[in-house]
Amino acid sequence: MPHAEVNGARLYYEVHGEGVPLVLSHGGWTDTNHWLPNAGPLSRRWRVVLWDRRGCGRSSDFGEGHTWQLWRDDLRGLLDHLGIDSAYLGGCSYGALLSLELALEWPRMVRALVLESGSPDGIAGAGPDVIYFPARAQELQRITAPALIIQGEYDPFWPPPVAERMQRGIAGSELVVVAGAGHVPHLDDPALFNRTVEEFLLRV
């Protein structure tokens, strides 16, 4: 099983397919299995990279605490380890916020963004399972990469109006609201998610 020694952690990752990298970051405290219905179909056209955040799945956690900056730097370190200097970058929930942060910090590394179930408002507060992310609504205009925003019709955390504000903030971005889906459209309707991402990336 491949691991990368990154930023003081041992990160598990998987690579599926060949071509331009499509790096997907999972949501919540899940792991690479979060993308089981998506990795195979998407890897027919792209080099799909999945990874477990520190403390998730098969990645180590040294008990030093979690911050959005640490997660962002972990992702950057993994890309460096894999020799990836630019990629399509996507994620769900925490993964979407993480992708957005990397795009703001290192914009030249991002060919396009796929932001699923994200928010321009970040995450307020913090706790054992809740990681603070800064609000970025006023900085979205800095994003110049093409962006696809995917939100579930019945997302209980960030409903479609949140995604609409994200779309207005990122010039030229596209919004797809998945009918009947909740917070994880790529699992609620994987065929639609895969097709939507494929069509978007082929256009950009």
# chains A, B, ... in the order shown; residues from 1 in each chain; ligands from 1
>>> residues_around(residues="Gly152 in chain A", least_positions_apart="5", cutoff="12 Å", atoms="only C-alpha atoms", output="number ranges by chain")
A: 92-93, 115-118, 157-164, 175-189, 192-193
>>> write_last_selection(atoms="N, CA and C atoms", output="mmCIF file, in the first residue's frame")
data_model
loop_
_atom_site.group_PDB
_atom_site.id
_atom_site.type_symbol
_atom_site.label_atom_id
_atom_site.label_comp_id
_atom_site.auth_asym_id
_atom_site.auth_seq_id
_atom_site.Cartn_x
_atom_site.Cartn_y
_atom_site.Cartn_z
ATOM 1 N N CYS A 92 -15.148 16.889 -1.519
ATOM 2 C CA CYS A 92 -16.499 16.970 -0.957
ATOM 3 C C CYS A 92 -16.425 17.509 0.460
ATOM 4 N N SER A 93 -17.250 18.496 0.784
ATOM 5 C CA SER A 93 -17.370 19.035 2.137
ATOM 6 C C SER A 93 -16.008 19.544 2.624
ATOM 7 N N LEU A 115 -15.879 21.587 -6.751
ATOM 8 C CA LEU A 115 -16.215 21.864 -5.359
ATOM 9 C C LEU A 115 -17.597 21.300 -5.064
ATOM 10 N N GLU A 116 -17.625 20.192 -4.350
ATOM 11 C CA GLU A 116 -18.880 19.524 -4.024
ATOM 12 C C GLU A 116 -19.223 19.755 -2.554
ATOM 13 N N SER A 117 -20.438 20.255 -2.325
ATOM 14 C CA SER A 117 -20.937 20.435 -0.959
ATOM 15 C C SER A 117 -19.997 21.308 -0.129
ATOM 16 N N GLY A 118 -19.583 22.417 -0.716
ATOM 17 C CA GLY A 118 -18.736 23.370 -0.019
ATOM 18 C C GLY A 118 -19.495 24.633 0.342
ATOM 19 N N PHE A 157 -26.677 20.880 5.457
ATOM 20 C CA PHE A 157 -25.668 21.789 6.002
ATOM 21 C C PHE A 157 -25.549 23.062 5.165
ATOM 22 N N TRP A 158 -25.339 22.882 3.867
ATOM 23 C CA TRP A 158 -25.165 24.010 2.968
ATOM 24 C C TRP A 158 -26.095 23.815 1.771
ATOM 25 N N PRO A 159 -27.321 24.290 1.869
ATOM 26 C CA PRO A 159 -28.304 24.091 0.795
ATOM 27 C C PRO A 159 -27.955 24.909 -0.449
ATOM 28 N N PRO A 160 -28.685 24.718 -1.552
ATOM 29 C CA PRO A 160 -28.353 25.365 -2.821
ATOM 30 C C PRO A 160 -28.107 26.875 -2.765
ATOM 31 N N PRO A 161 -28.825 27.670 -1.945
ATOM 32 C CA PRO A 161 -28.500 29.105 -1.914
ATOM 33 C C PRO A 161 -27.052 29.396 -1.526
ATOM 34 N N VAL A 162 -26.455 28.539 -0.708
ATOM 35 C CA VAL A 162 -25.043 28.698 -0.353
ATOM 36 C C VAL A 162 -24.177 28.495 -1.594
ATOM 37 N N ALA A 163 -24.505 27.460 -2.359
ATOM 38 C CA ALA A 163 -23.756 27.192 -3.591
ATOM 39 C C ALA A 163 -23.939 28.313 -4.602
ATOM 40 N N GLU A 164 -25.109 28.909 -4.625
ATOM 41 C CA GLU A 164 -25.356 30.018 -5.556
ATOM 42 C C GLU A 164 -24.464 31.207 -5.220
ATOM 43 N N LEU A 175 -22.671 25.843 -11.803
ATOM 44 C CA LEU A 175 -23.348 25.236 -10.653
ATOM 45 C C LEU A 175 -24.297 24.153 -11.140
ATOM 46 N N VAL A 176 -24.198 22.974 -10.512
ATOM 47 C CA VAL A 176 -25.129 21.882 -10.765
ATOM 48 C C VAL A 176 -25.738 21.479 -9.424
ATOM 49 N N VAL A 177 -27.056 21.570 -9.326
ATOM 50 C CA VAL A 177 -27.776 21.113 -8.137
ATOM 51 C C VAL A 177 -28.349 19.735 -8.443
ATOM 52 N N VAL A 178 -27.964 18.750 -7.657
ATOM 53 C CA VAL A 178 -28.359 17.364 -7.902
ATOM 54 C C VAL A 178 -29.701 17.094 -7.228
ATOM 55 N N ALA A 179 -30.712 16.867 -8.024
ATOM 56 C CA ALA A 179 -32.066 16.644 -7.518
ATOM 57 C C ALA A 179 -32.106 15.429 -6.603
ATOM 58 N N GLY A 180 -32.738 15.590 -5.456
ATOM 59 C CA GLY A 180 -32.929 14.491 -4.522
ATOM 60 C C GLY A 180 -31.722 14.142 -3.683
ATOM 61 N N ALA A 181 -30.577 14.781 -3.928
ATOM 62 C CA ALA A 181 -29.349 14.434 -3.207
ATOM 63 C C ALA A 181 -29.223 15.243 -1.919
ATOM 64 N N GLY A 182 -28.477 14.684 -0.981
ATOM 65 C CA GLY A 182 -28.181 15.369 0.262
ATOM 66 C C GLY A 182 -26.796 15.989 0.234
ATOM 67 N N HIS A 183 -26.013 15.727 1.285
ATOM 68 C CA HIS A 183 -24.708 16.370 1.419
ATOM 69 C C HIS A 183 -23.617 15.690 0.594
ATOM 70 N N VAL A 184 -23.909 14.493 0.084
ATOM 71 C CA VAL A 184 -22.871 13.753 -0.646
ATOM 72 C C VAL A 184 -23.429 13.301 -1.998
ATOM 73 N N PRO A 185 -23.588 14.215 -2.942
ATOM 74 C CA PRO A 185 -24.161 13.853 -4.250
ATOM 75 C C PRO A 185 -23.387 12.764 -4.988
ATOM 76 N N HIS A 186 -22.067 12.683 -4.784
ATOM 77 C CA HIS A 186 -21.299 11.679 -5.533
ATOM 78 C C HIS A 186 -21.608 10.257 -5.075
ATOM 79 N N LEU A 187 -22.238 10.115 -3.918
ATOM 80 C CA LEU A 187 -22.723 8.813 -3.474
ATOM 81 C C LEU A 187 -24.221 8.661 -3.691
ATOM 82 N N ASP A 188 -24.954 9.759 -3.566
ATOM 83 C CA ASP A 188 -26.406 9.703 -3.767
ATOM 84 C C ASP A 188 -26.762 9.433 -5.223
ATOM 85 N N ASP A 189 -25.992 10.012 -6.146
ATOM 86 C CA ASP A 189 -26.236 9.800 -7.578
ATOM 87 C C ASP A 189 -24.892 9.762 -8.291
ATOM 88 N N LEU A 192 -24.674 10.429 -12.189
ATOM 89 C CA LEU A 192 -24.828 11.838 -12.557
ATOM 90 C C LEU A 192 -23.583 12.628 -12.190
ATOM 91 N N PHE A 193 -23.049 12.385 -11.001
ATOM 92 C CA PHE A 193 -21.833 13.085 -10.579
ATOM 93 C C PHE A 193 -20.695 12.816 -11.554
#
>>> residues_around(residues="range 122-130 of chain A", least_positions_apart="6", cutoff="9 Å", atoms="only C-alpha atoms", output="list of chain:residue names")
A:Gly28, A:Trp29, A:Gly65, A:His66, A:Leu97, A:Arg136, A:Ala137
>>> closest_residue(among="A:Gly83, A:Pro41, A:Gly91, A:Gly8", to="Arg195 in chain A", atoms="only C-alpha atoms")
A:Pro41
>>> residues_around(residues="Leu78 in chain A", least_positions_apart="2", cutoff="8 Å", atoms="only C-alpha atoms", output="PyMOL selection string")
chain A and resi 4+6+11+74-76+80-82
>>> select_by_dssp(residues="range 15-107 of chain A", states="alpha helix (DSSP H)", output="PyMOL selection string")
chain A and resi 36-42+68-81+94-105
>>> residues_around(residues="Leu22 in chain A", least_positions_apart="2", cutoff="6 Å", atoms="only C-alpha atoms", output="ChimeraX atom specification")
/A:47-48,87-89
>>> closest_residue(among="A:Ala171, A:Leu98, A:Ile150, A:Leu42", to="Val15 in chain A", atoms="only C-alpha atoms")
A:Leu42
>>> closest_residue(among="A:Ala112, A:Ile84, A:Glu18, A:Ala9", to="Asp61 in chain A", atoms="only C-alpha atoms")
A:Ala9
